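K.L.:
run.tsv is reproduced in full below (TSV, C-alpha atoms).
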```tsv
chain	number	residue	atom	x	y	z
S	113	MET	CA	0.00	0.00	0.00
S	114	SER	CA	1.20	3.49	-0.82
S	115	TYR	CA	1.61	6.03	1.97
S	116	LEU	CA	-0.62	9.11	2.25
S	117	MET	CA	0.59	12.53	3.33
S	118	ILE	CA	-1.98	14.50	5.33
S	119	VAL	CA	-1.92	18.29	5.38
S	120	SER	CA	-4.05	21.09	6.80
S	121	PRO	CA	-6.23	23.36	4.67
S	122	ALA	CA	-5.84	27.17	4.57
S	123	LYS	CA	-8.23	29.81	5.82
S	124	LYS	CA	-8.06	31.86	2.64
S	125	MET	CA	-9.88	30.32	-0.31
S	126	ASN	CA	-10.99	31.32	-3.77
S	127	VAL	CA	-12.74	30.04	-6.87
S	128	VAL	CA	-10.05	29.17	-9.41
S	129	GLU	CA	-10.16	27.71	-12.90
S	130	GLY	CA	-7.62	24.91	-13.29
S	131	PRO	CA	-5.70	23.00	-14.38
S	132	PRO	CA	-5.87	20.86	-12.40
S	133	TYR	CA	-9.63	20.73	-12.87
S	134	VAL	CA	-12.24	19.20	-10.60
S	135	ALA	CA	-12.28	15.44	-11.13
S	136	ASP	CA	-13.87	14.04	-7.98
S	137	THR	CA	-16.68	14.54	-5.45
S	138	PRO	CA	-15.71	14.79	-1.77
S	139	ARG	CA	-16.23	11.49	0.03
S	140	PHE	CA	-18.09	13.04	2.96
S	141	LEU	CA	-20.37	15.39	1.00
S	142	PRO	CA	-23.56	14.36	2.90
S	143	GLN	CA	-21.83	15.14	6.22
S	144	THR	CA	-20.62	18.45	4.76
S	145	GLU	CA	-24.19	19.32	3.79
S	146	ARG	CA	-25.29	18.80	7.41
S	147	LEU	CA	-22.55	21.15	8.58
S	148	MET	CA	-23.59	23.69	5.97
S	149	HIS	CA	-27.17	23.68	7.26
S	150	ALA	CA	-25.94	24.00	10.85
S	151	VAL	CA	-23.93	27.11	9.97
S	152	GLN	CA	-26.78	28.53	7.91
S	153	ALA	CA	-29.04	28.25	10.97
S	154	LEU	CA	-26.77	30.59	12.96
S	155	THR	CA	-27.39	34.30	13.34
S	156	TYR	CA	-24.70	36.65	12.09
S	157	ASP	CA	-23.42	37.25	15.64
S	158	GLU	CA	-23.36	33.50	16.36
S	159	ALA	CA	-21.45	32.82	13.15
S	160	LYS	CA	-18.95	35.59	13.85
S	161	GLY	CA	-18.41	34.15	17.34
S	162	LEU	CA	-17.86	30.70	15.83
S	163	TRP	CA	-15.32	32.01	13.33
S	164	LYS	CA	-13.58	34.43	15.73
S	165	CYS	CA	-12.82	36.85	12.92
S	166	SER	CA	-13.24	40.48	11.88
S	167	ASP	CA	-16.54	42.01	10.73
S	168	LYS	CA	-15.20	42.09	7.17
S	169	LEU	CA	-14.41	38.36	7.12
S	170	ALA	CA	-17.59	37.47	9.01
S	171	THR	CA	-19.72	39.35	6.48
S	172	LEU	CA	-17.94	37.65	3.56
S	173	ASN	CA	-18.30	34.16	4.98
S	174	TYR	CA	-21.84	34.64	6.29
S	175	GLU	CA	-22.88	35.60	2.78
S	176	ARG	CA	-20.96	32.66	1.33
S	177	PHE	CA	-22.88	30.23	3.52
S	178	ARG	CA	-26.18	31.96	2.81
S	179	GLN	CA	-25.73	31.43	-0.93
S	180	MET	CA	-23.79	28.17	-0.77
S	181	ASP	CA	-24.32	25.42	-3.32
S	182	LEU	CA	-21.93	22.52	-2.77
S	183	THR	CA	-22.25	21.23	-6.33
S	184	ARG	CA	-21.78	24.38	-8.43
S	185	ASN	CA	-18.78	26.59	-9.21
S	186	THR	CA	-16.43	24.22	-7.44
S	187	THR	CA	-12.64	24.37	-7.55
S	188	ALA	CA	-10.13	21.54	-7.22
S	189	ALA	CA	-9.18	21.56	-3.53
S	190	ILE	CA	-5.45	21.77	-4.24
S	191	LEU	CA	-6.07	25.09	-6.04
S	192	ALA	CA	-8.83	26.46	-3.80
S	193	TYR	CA	-6.64	26.92	-0.72
S	194	GLU	CA	-4.34	29.94	-0.92
S	195	GLY	CA	-2.18	29.75	2.20
S	196	ILE	CA	1.60	29.71	2.51
S	197	GLN	CA	1.77	25.91	2.38
S	198	TYR	CA	-0.07	25.84	-0.96
S	199	GLN	CA	2.03	28.65	-2.42
S	200	HIS	CA	5.14	26.55	-1.81
S	201	LEU	CA	3.44	23.38	-3.01
S	202	SER	CA	2.77	25.22	-6.32
S	203	PRO	CA	0.23	22.85	-7.92
S	204	GLN	CA	-0.43	25.34	-10.74
S	205	VAL	CA	2.96	24.59	-12.30
S	206	MET	CA	3.08	20.86	-11.71
S	207	SER	CA	3.24	18.35	-14.53
S	208	GLU	CA	0.49	15.80	-15.10
S	209	GLN	CA	2.76	13.16	-13.62
S	210	GLU	CA	3.33	15.22	-10.47
S	211	LEU	CA	-0.40	15.91	-10.10
S	212	ALA	CA	-1.09	12.19	-10.50
S	213	PHE	CA	1.40	11.59	-7.68
S	214	LEU	CA	-0.51	14.03	-5.45
S	215	ASP	CA	-3.78	12.28	-6.27
S	216	SER	CA	-2.28	9.01	-5.03
S	217	HIS	CA	-0.29	10.34	-2.08
S	218	LEU	CA	-1.89	13.50	-0.66
S	219	ARG	CA	-5.03	14.10	1.39
S	220	ILE	CA	-6.21	17.43	2.81
S	221	LEU	CA	-7.96	17.44	6.17
S	222	SER	CA	-10.88	19.85	6.51
S	223	GLY	CA	-13.27	20.82	9.28
S	224	PHE	CA	-16.00	21.22	6.66
S	225	TYR	CA	-15.24	18.45	4.16
S	226	GLY	CA	-13.50	15.90	6.39
S	227	VAL	CA	-10.90	14.46	4.00
S	228	LEU	CA	-10.26	15.75	0.49
S	229	ARG	CA	-8.39	14.40	-2.50
S	230	PRO	CA	-6.47	17.06	-4.45
S	231	CYS	CA	-9.02	17.28	-7.26
S	232	ASP	CA	-12.18	17.03	-5.16
S	233	GLY	CA	-14.48	19.93	-5.98
S	234	VAL	CA	-14.92	22.42	-3.12
S	235	VAL	CA	-16.47	25.83	-2.57
S	236	PRO	CA	-15.02	28.62	-0.39
S	237	TYR	CA	-15.98	28.27	3.28
S	238	ARG	CA	-14.72	29.15	6.74
S	239	LEU	CA	-14.93	26.40	9.32
S	240	GLU	CA	-11.81	25.41	11.20
S	241	MET	CA	-11.49	21.98	12.76
S	242	GLN	CA	-11.40	23.43	16.28
S	243	ALA	CA	-14.68	25.33	15.79
S	244	LYS	CA	-17.21	24.56	18.51
S	245	LEU	CA	-20.16	24.03	16.20
S	246	VAL	CA	-22.93	21.96	17.77
S	247	VAL	CA	-24.36	19.46	15.28
S	248	ASP	CA	-26.82	16.78	16.34
S	249	GLU	CA	-25.27	15.20	19.46
S	250	SER	CA	-21.78	16.49	18.76
S	251	ARG	CA	-20.41	19.42	20.77
S	252	ASP	CA	-17.69	20.27	18.26
S	253	LEU	CA	-16.19	19.10	14.98
S	254	TYR	CA	-13.82	16.62	16.61
S	255	GLU	CA	-16.85	14.79	18.00
S	256	TYR	CA	-18.75	15.24	14.75
S	257	TRP	CA	-16.07	13.56	12.65
S	258	GLY	CA	-15.12	11.07	15.37
S	259	THR	CA	-13.21	8.09	13.99
S	260	SER	CA	-14.53	8.46	10.45
S	261	LEU	CA	-11.56	10.37	9.01
S	262	ALA	CA	-8.97	7.89	10.27
S	263	GLU	CA	-11.10	5.00	9.03
S	264	ALA	CA	-11.48	6.60	5.60
S	265	LEU	CA	-7.72	7.05	5.33
S	266	ALA	CA	-7.17	3.46	6.46
S	267	ASP	CA	-9.28	2.34	3.50
S	268	GLU	CA	-6.53	3.71	1.25
S	269	THR	CA	-3.28	3.14	3.12
S	270	ASP	CA	-1.59	1.63	6.14
S	271	THR	CA	0.88	4.53	6.58
S	272	LEU	CA	0.19	8.21	7.16
S	273	VAL	CA	2.85	10.88	6.78
S	274	ASN	CA	1.68	13.59	9.14
S	275	LEU	CA	2.36	17.09	7.81
S	276	ALA	CA	-0.73	18.62	9.40
S	277	SER	CA	-0.90	21.24	12.14
S	278	VAL	CA	-1.73	20.04	15.65
S	279	GLU	CA	-5.31	21.30	15.27
S	280	TYR	CA	-5.98	19.11	12.25
S	281	ALA	CA	-3.79	16.14	13.18
S	282	LYS	CA	-5.89	15.85	16.35
S	283	ALA	CA	-8.86	14.81	14.19
S	284	VAL	CA	-6.99	11.74	12.91
S	285	ILE	CA	-3.89	10.75	14.89
S	286	PRO	CA	-5.65	9.72	18.16
S	287	HIS	CA	-7.69	7.20	16.11
S	288	ALA	CA	-4.87	6.02	13.83
S	289	HIS	CA	-3.69	2.99	15.81
S	290	ALA	CA	-7.19	1.59	16.21
S	291	ALA	CA	-7.71	2.03	12.46
S	292	GLY	CA	-4.52	0.09	11.73
S	293	LEU	CA	-2.48	3.08	10.62
S	294	ARG	CA	1.19	3.73	11.22
S	295	VAL	CA	1.98	7.45	11.54
S	296	ILE	CA	5.25	9.11	10.53
S	297	THR	CA	5.34	12.74	11.66
S	298	CYS	CA	7.66	15.23	9.94
S	299	LEU	CA	8.79	18.26	11.93
S	300	PHE	CA	10.57	21.30	10.47
S	301	GLY	CA	12.33	23.78	12.73
S	302	GLN	CA	15.45	25.49	13.97
S	303	MET	CA	17.64	25.15	17.03
S	304	VAL	CA	17.38	28.05	19.48
S	305	GLY	CA	20.11	27.35	21.96
S	306	GLN	CA	19.48	23.75	22.96
S	307	ARG	CA	15.79	23.84	22.03
S	308	PHE	CA	14.13	22.67	18.82
S	309	VAL	CA	11.62	25.35	17.77
S	310	GLN	CA	8.99	25.25	15.02
S	311	ARG	CA	7.94	28.67	13.72
S	312	ALA	CA	4.43	28.57	12.27
S	313	THR	CA	4.99	30.47	9.02
S	314	GLU	CA	8.23	28.69	8.13
S	315	ALA	CA	6.76	25.29	9.06
S	316	LYS	CA	3.89	25.87	6.60
S	317	ALA	CA	6.36	26.77	3.86
S	318	ALA	CA	8.47	23.71	4.65
S	319	ARG	CA	5.48	21.36	4.56
S	320	GLY	CA	4.39	22.63	1.16
S	321	THR	CA	7.97	22.37	-0.12
S	322	PHE	CA	8.25	18.81	1.22
S	323	VAL	CA	5.08	17.70	-0.61
S	324	ARG	CA	6.29	19.33	-3.84
S	325	TRP	CA	9.72	17.71	-3.43
S	326	CYS	CA	8.11	14.28	-3.06
S	327	ALA	CA	5.94	14.85	-6.14
S	328	GLU	CA	8.86	16.04	-8.27
S	329	ARG	CA	10.85	12.92	-7.42
S	330	GLY	CA	7.96	10.48	-7.30
S	331	VAL	CA	9.03	9.35	-3.84
S	332	GLU	CA	7.52	5.95	-3.06
S	333	ASN	CA	9.93	4.66	-0.41
S	334	GLN	CA	9.47	6.34	2.96
S	335	ASP	CA	13.20	5.92	3.68
S	336	ASP	CA	13.83	8.46	0.90
S	337	PHE	CA	12.20	11.20	3.02
S	338	ARG	CA	15.46	11.36	4.92
S	339	ALA	CA	17.17	12.94	1.90
S	340	PHE	CA	14.95	16.05	1.97
S	341	SER	CA	17.25	19.08	1.82
S	342	GLU	CA	15.20	21.98	0.43
S	343	ARG	CA	15.19	25.43	2.11
S	344	GLY	CA	18.41	24.50	3.91
S	345	TYR	CA	16.89	21.61	5.90
S	346	ARG	CA	18.76	18.48	6.91
S	347	LEU	CA	17.53	15.48	8.85
S	348	ASP	CA	18.69	15.53	12.47
S	349	GLU	CA	19.50	11.87	13.04
S	350	ASN	CA	19.91	12.31	16.79
S	351	ARG	CA	16.46	13.81	17.29
S	352	SER	CA	14.69	11.59	14.77
S	353	THR	CA	13.07	8.20	15.31
S	354	PRO	CA	11.47	5.81	12.80
S	355	ASP	CA	8.12	7.53	13.43
S	356	ASN	CA	9.32	11.12	13.90
S	357	LEU	CA	11.56	12.76	11.33
S	358	VAL	CA	13.06	16.01	12.58
S	359	PHE	CA	14.46	18.38	9.95
S	360	ILE	CA	16.53	21.37	11.02
S	361	CYS	CA	17.70	24.37	9.04
```
Is it possible to express this structure as C-alpha cells?
P.N.:
Amino acid sequence: MSYLMIVSPAKKMNVVEGPPYVADTPRFLPQTERLMHAVQALTYDEAKGLWKCSDKLATLNYERFRQMDLTRNTTAAILAYEGIQYQHLSPQVMSEQELAFLDSHLRILSGFYGVLRPCDGVVPYRLEMQAKLVVDESRDLYEYWGTSLAEALADETDTLVNLASVEYAKAVIPHAHAAGLRVITCLFGQMVGQRFVQRATEAKAARGTFVRWCAERGVENQDDFRAFSERGYRLDENRSTPDNLVFIC
C-alpha cells in the first residue's frame, strides 16, 4: 500500500479555474451538507463568534454560507486553498505526472469536508477543525467527525505521513492505531540554543515544499524522506526516530 501525506487546509480560499480541474466529489459530501445547514441556521453574531474573525471576514463568509451550493462553481481543492503551504506546493505549475502523484499520495484534512483528495471539488468556506459548532449530538467538529476520518484514510493506506498542524492532526492521529495506521510525523524547525523550535509560518512553507519535493521525485519509499534538503533543511539523526523525522535548518 502506498503512503498518504496528510496536510491542513488554509483559511483563505478562492474560486479558481484549473488545471488541475475538478475530477472528484468529496467522500463526505452528505456530512458536509449537514454542517452547511448547521452554519446557515446561525445568526450573524453567532457565526462571527464561531469564526472568531473580523466584521469584514464574518460578512464575507456569512454571505458565502447563505448562498452556498456545494455542487456548483467548485474548484479543485489543491487550487482552492491559498495559504503559505499551498504557495510553496505550487500545484499550478506541476506536470500531469506530479499531479497524479498528489492524487495518489496527498489528502487534505478539513473541518468542513472531512478528508479531500487534491481534485475534489470544493467551494469557499470558513470552518476550522477546532470550531465549537454543535451538530446533532456532537459538541464540536472533533466529536462530529469522530473516527470516520482515520477510518477513511485506512481504507486507502496503512501509513500516514503527518504534515498537518496540531489542530488538524488531532482529528486523525488519536484514532490512527485503532484504524490500523502507522503514523510518521515530519517536523521542520530550527535550534534556538538547545531547544528545537517550530515557527508557524516557516513550518507551513516547509510542509508545502516537502510535498512538492516528493511529487517532483515520485518518492515511493518512505526511507527516501530522509534525503529532503530543500530550504536548507537536513535530517537531524539524533532527534529523529522511525516515526518522527526532525528536519533542522
K.L.:
Identify the residues around (-6.6, 29.6, 0.6) within a radius of 8 Å, measuring from all atoms listed in the file in the coordinates stated by the file, and give them as a list in words.
P.N.:
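Every polymer residue passing the test: Pro121, Ala122, Lys123, Lys124, Met125, Asn126, Ala192, Tyr193, Glu194, Gly195 and Tyr198 of chain S.
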K.L.:
For C-alpha atoms, I'd like the residues from the last selection saved as a short mmCIF file (atom, residue, chain, number, x, y, z; two decimals), in the coordinates of the input.
P.N.:
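And here is the file that came out, again-v5.cif:
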```cif
data_model
loop_
_atom_site.label_atom_id
_atom_site.label_comp_id
_atom_site.auth_asym_id
_atom_site.auth_seq_id
_atom_site.Cartn_x
_atom_site.Cartn_y
_atom_site.Cartn_z
CA PRO S 121 -6.23 23.36 4.67
CA ALA S 122 -5.84 27.17 4.57
CA LYS S 123 -8.23 29.81 5.82
CA LYS S 124 -8.06 31.86 2.64
CA MET S 125 -9.88 30.32 -0.31
CA ASN S 126 -10.99 31.32 -3.77
CA ALA S 192 -8.83 26.46 -3.80
CA TYR S 193 -6.64 26.92 -0.72
CA GLU S 194 -4.34 29.94 -0.92
CA GLY S 195 -2.18 29.75 2.20
CA TYR S 198 -0.07 25.84 -0.96
#
```
K.L.:
Can you list, as JSON, numbers by chain, every protein, DNA or RNA residue that comes within 12 Å of Val227 in chain S when you count only C-alpha atoms, leaving out same-chain residues fewer than 3 positions away?
P.N.:
{"S": [116, 117, 118, 119, 120, 121, 137, 138, 139, 140, 141, 143, 144, 189, 218, 219, 220, 221, 222, 223, 224, 230, 231, 232, 233, 234, 241, 257, 260, 261, 262, 263, 264, 265, 266, 268, 280, 281, 283, 284]}
K.L.:
So how far away is CA of Lys244 in chain S from CA of Lys282 in chain S, in Å?
P.N.:
14.4 Å
K.L.:
Tell me which protein, DNA and RNA residues are within 12 Å of Leu169 in chain S, counting only C-alpha atoms, leaving out same-chain ones fewer than 3 positions away, and put them as a list in words.
P.N.:
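The filter keeps Lys123, Lys124, Met125, Tyr156, Ala159, Lys160, Gly161, Trp163, Lys164, Cys165, Ser166, Leu172, Asn173, Tyr174, Glu175, Arg176, Tyr237 and Arg238 of chain S.
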K.L.:
Rank S:Thr155, S:Gln334, S:Ser341, S:Asn350 by their smallest atom-to-atom distance to Ser114 in chain S, using only C-alpha atoms, and report the top residue only.
P.N.:
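Looking at the shortest contact to Ser114 in chain S, the residue is S:Gln334.
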K.L.:
Which is closer to Pro203 in chain S than all the others in S:Ala276, S:Val358, S:Leu239, S:Ala327, using all atoms listed in the file?
P.N.:
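Nearest to Pro203 in chain S: S:Ala327.
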K.L.:
Nearest residue to Pro286 in chain S out of S:Asn274, S:Thr259, S:Gln302, S:Gln199, using only C-alpha atoms?
P.N.:
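Selected residue with least distance to Pro286 in chain S: S:Thr259.
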K.L.:
List the neighbours of Val331 in chain S out to 12 Å using only C-alpha atoms; skip same-chain residues closer than 4 positions along the sequence, and give me the result as a ChimeraX atom specification.
P.N.:
/S:114-117,210,213-214,216-217,322-327,335-340
K.L.:
Limited to C-alpha atoms, could you put the picked residues into a file as a PDB file, keeping the file's coordinate frame?
P.N.:
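In the end it all went to again.pdb:
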```pdb
ATOM      1  CA  SER S 114       1.200   3.490  -0.820  1.00  0.00           C
ATOM      2  CA  TYR S 115       1.610   6.030   1.970  1.00  0.00           C
ATOM      3  CA  LEU S 116      -0.620   9.110   2.250  1.00  0.00           C
ATOM      4  CA  MET S 117       0.590  12.530   3.330  1.00  0.00           C
ATOM      5  CA  GLU S 210       3.330  15.220 -10.470  1.00  0.00           C
ATOM      6  CA  PHE S 213       1.400  11.590  -7.680  1.00  0.00           C
ATOM      7  CA  LEU S 214      -0.510  14.030  -5.450  1.00  0.00           C
ATOM      8  CA  SER S 216      -2.280   9.010  -5.030  1.00  0.00           C
ATOM      9  CA  HIS S 217      -0.290  10.340  -2.080  1.00  0.00           C
ATOM     10  CA  PHE S 322       8.250  18.810   1.220  1.00  0.00           C
ATOM     11  CA  VAL S 323       5.080  17.700  -0.610  1.00  0.00           C
ATOM     12  CA  ARG S 324       6.290  19.330  -3.840  1.00  0.00           C
ATOM     13  CA  TRP S 325       9.720  17.710  -3.430  1.00  0.00           C
ATOM     14  CA  CYS S 326       8.110  14.280  -3.060  1.00  0.00           C
ATOM     15  CA  ALA S 327       5.940  14.850  -6.140  1.00  0.00           C
ATOM     16  CA  ASP S 335      13.200   5.920   3.680  1.00  0.00           C
ATOM     17  CA  ASP S 336      13.830   8.460   0.900  1.00  0.00           C
ATOM     18  CA  PHE S 337      12.200  11.200   3.020  1.00  0.00           C
ATOM     19  CA  ARG S 338      15.460  11.360   4.920  1.00  0.00           C
ATOM     20  CA  ALA S 339      17.170  12.940   1.900  1.00  0.00           C
ATOM     21  CA  PHE S 340      14.950  16.050   1.970  1.00  0.00           C
TER      22      PHE S 340
END
```
K.L.:
Between S:Ile190, S:Met180, S:Val151, S:Cys298, which is the closest to Met206 in chain S once you count only C-alpha atoms?
P.N.:
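Closest candidate: S:Ile190.
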K.L.:
I'd like to know which of S:Pro236, S:Gly344, S:Gly226, S:Pro131 is closest to Gln204 in chain S, using all atoms listed in the file.
P.N.:
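Nearest candidate to Gln204 in chain S out of S:Pro236, S:Gly344, S:Gly226, S:Pro131: S:Pro131.
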K.L.:
Which distance in Å separates CA of Pro142 in chain S and CA of Thr183 in chain S, to one decimal?
P.N.:
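Here the two named atoms are 11.6 Å from each other.
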K.L.:
Calculate how many Å separate CA of Leu275 in chain S from CA of Ala317 in chain S, rounding to one decimal.
P.N.:
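Result for CA of Leu275 in chain S versus CA of Ala317 in chain S: 11.2 Å, one decimal.
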K.L.:
Box along x, y and z, 4 Å on every side, all listed atoms of range 303-319 of chain S inside: centre and edge lengths in Å to one decimal, as AutoDock Vina command-line options.
P.N.:
```
--center_x 12.0 --center_y 25.9 --center_z 13.4 --size_x 24.2 --size_y 17.1 --size_z 27.1
```
K.L.:
Which one of S:Ala318, S:Val246, S:Leu182, S:Leu357 sits closest to Val295 in chain S if you count only C-alpha atoms?
P.N.:
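Looking at the shortest contact to Val295 in chain S, the residue is S:Leu357.
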K.L.:
As a list in words, please: the residues near Glu314 in chain S (cut-off 12 Å, all atoms listed in the file, same-chain neighbours under 4 positions excluded).
P.N.:
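Close residues of Glu314 in chain S: Ile196, Gln197, His200, Leu299, Phe300, Gly301, Gln302, Val309, Gln310, Ala318, Arg319, Gly320, Thr321, Arg343, Gly344, Tyr345, Ile360 and Cys361 of chain S.
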